[in-house]
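Below is one structure, written out as structure tokens; the observations come after it.
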Amino acid sequence: MPDPAPTEDLARDAAAGDAGALDLLLREIRPEVVRRCGRFLPCREDAEEAAQDVLLQVARRIGTFEGRSRFSTWLYTVVANCSRQKYRELRRRAAEQPAPADLDLDRRADPRTTSVIAGSRLDLLEALDRLERERPHLVGPLVYRDICQLDYAEAAERAGVPLGTLKSRLHEARRKVRPWLADGS
């Protein structure tokens with residue numbers, strides 16, 4: 001965030017129903033939202049689409065921001081959820097498209113649907129989806145700490161668990177995800 005104090009003030013005012021504050025807030029956070037969505041989605045266009053979804057969700061749900069945690073912490077949750085949803089949508093669309101009749105081997109793989117390098121953002125998104133199916137309580141700590149890069153206290157607050165529980169879940173999530181990223185399965 002450019003300057004956290006005014007952004008936090010704008011968020012509180014917007015949550016209280018100030019439409020002008022909401023407009024200013026959305027303009028202020030847009031570049032950061034696009035950048036954060038880019039941590040999840042390798043294609044700039046996809047990150048920008050996800051950012052639009054984030055801004056729409058912020059506009060619709062700002063009234064649920066209670067100010068108990070920092071606005072940036074609340075925002076990172078919206079970013080993570082919208083980015084992961086955009087990825088699922090892209091993956092579903094790619095699966096529904098018919099295979100091309102002729103294979104052009106010289107054509108580069110579409111980074112939105114193909115994971116070329118183990119440990120890429122797409123591998124991480126696949127691993128998060130798998131983790132969510134197998135151990136859903138581990139997803140939040142991993143997303144908040146390792147992707148959104150919140151400090152431990154903020155991540156624990158956002159996950160709604162004590163700091164020690166967050167650290168334990170984060171350790172378990174990393175241990176679980178590491179082999180999936182290493183072998184790409």
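Convention: chains lettered A, B, ... in structure tokens order; per-chain residue numbering from 1; ligands numbered from 1 as shown.
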Which residues of range 124-143 of chain A have any atom within 12 Å of an atom in range 72-77 of chain A when counting only C-alpha atoms, and what is the closest pair of atoms for each, with the distance in Å to one decimal? Order the rows by chain and rising number and write it as a Markdown table.
| residue | atom | partner | partner_atom | distance |
| --- | --- | --- | --- | --- |
| A:Val139 | CA | A:Thr77 | CA | 11.6 |
| A:Gly140 | CA | A:Thr77 | CA | 8.8 |
| A:Pro141 | CA | A:Thr77 | CA | 11.0 |
| A:Leu142 | CA | A:Thr77 | CA | 11.8 |
| A:Val143 | CA | A:Thr77 | CA | 8.5 |
For the alpha helix (DSSP H) assignment from backbone DSSP, which residues of chain A qualify? Please present them as a ChimeraX atom specification. /A:4-15,19-40,44-61,71-96,121-134,139-142,152-159,163-183
Which neighbours of Ala47 in chain A fall inside 10 Å, counting only C-alpha atoms, when residues of the same chain fewer than 2 positions from it are skipped, and could you give them as a list in words?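 Skipping anything fewer than 2 positions along the chain leaves Val33, Val34, Arg35, Arg36, Cys37, Gly38, Arg39, Phe40, Leu41, Pro42, Cys43, Arg44, Glu45, Glu49, Ala50, Ala51, Gln52, Asp53, Cys82, Ser83, Lys86 and Tyr87 of chain A.
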Can you list, as a list in words, every protein, DNA or RNA residue that comes within 12 Å of His171 in chain A when you count only C-alpha atoms, leaving out same-chain residues fewer than 6 positions away?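 The residues that qualify are Leu138, Val139, Pro141, Leu142, Arg145, Asp146, Gly164, Thr165, Val177 and Arg178 of chain A.
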Between A:Ala19, A:Ala156, A:Arg174, A:Asp151, which has the minimum distance to Leu128 in chain A (counting only C-alpha atoms)?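 Among the listed residues, A:Arg174 lies closest to Leu128 in chain A.
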Considering only C-alpha atoms, tabulate each residue of range 143-183 of chain A that lies at most 10 Å from range 130-134 of chain A along with its nearest interatomic pair and the corresponding distance in Å to one decimal; arrange the rows by chain and ascending residue number and present them as a Markdown table.
| residue | atom | partner | partner_atom | distance |
| --- | --- | --- | --- | --- |
| A:Ala173 | CA | A:Leu131 | CA | 7.8 |
| A:Lys176 | CA | A:Leu131 | CA | 7.8 |
| A:Val177 | CA | A:Leu131 | CA | 7.3 |
| A:Trp180 | CA | A:Arg130 | CA | 9.2 |
Could you check the closest approach to Arg84 in chain A for each of A:Leu125, A:Leu166, A:Gln149, A:Asp13 and tell me which residue wins, using only C-alpha atoms?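 Of A:Leu125, A:Leu166, A:Gln149, A:Asp13, the one nearest Arg84 in chain A, counting only C-alpha atoms, is A:Leu125.
Of the listed residues A:Thr64, A:Asn81, A:Ser168, A:Ser69, the one whose atoms come nearest to Ile147 in chain A is A:Asn81, with distances taken using only C-alpha atoms.
The interatomic distance for the pair CA of Pro162 in chain A and CA of His137 in chain A works out to 13.5 Å.
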To one decimal in Å, tell me the separation between CA of Leu26 in chain A and CA of Ala59 in chain A. 7.7 Å
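A straight line drawn from CA of Ala155 in chain A to CA of Val78 in chain A is 13.7 Å long.
Among the candidate residues A:Leu150, A:Ala159, A:Pro179, A:Val79, the one lying nearest to Ala127 in chain A is A:Pro179, with distances computed using only C-alpha atoms.
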Could you tell me which of A:Val58, A:Arg70, A:Glu28, A:Ala14 comes closest to Arg158 in chain A if we count only C-alpha atoms? A:Arg70
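Using only C-alpha atoms, the nearest neighbour of Glu126 in chain A within the list A:Leu25, A:Leu181, A:Val54, A:Leu10 is A:Leu181.
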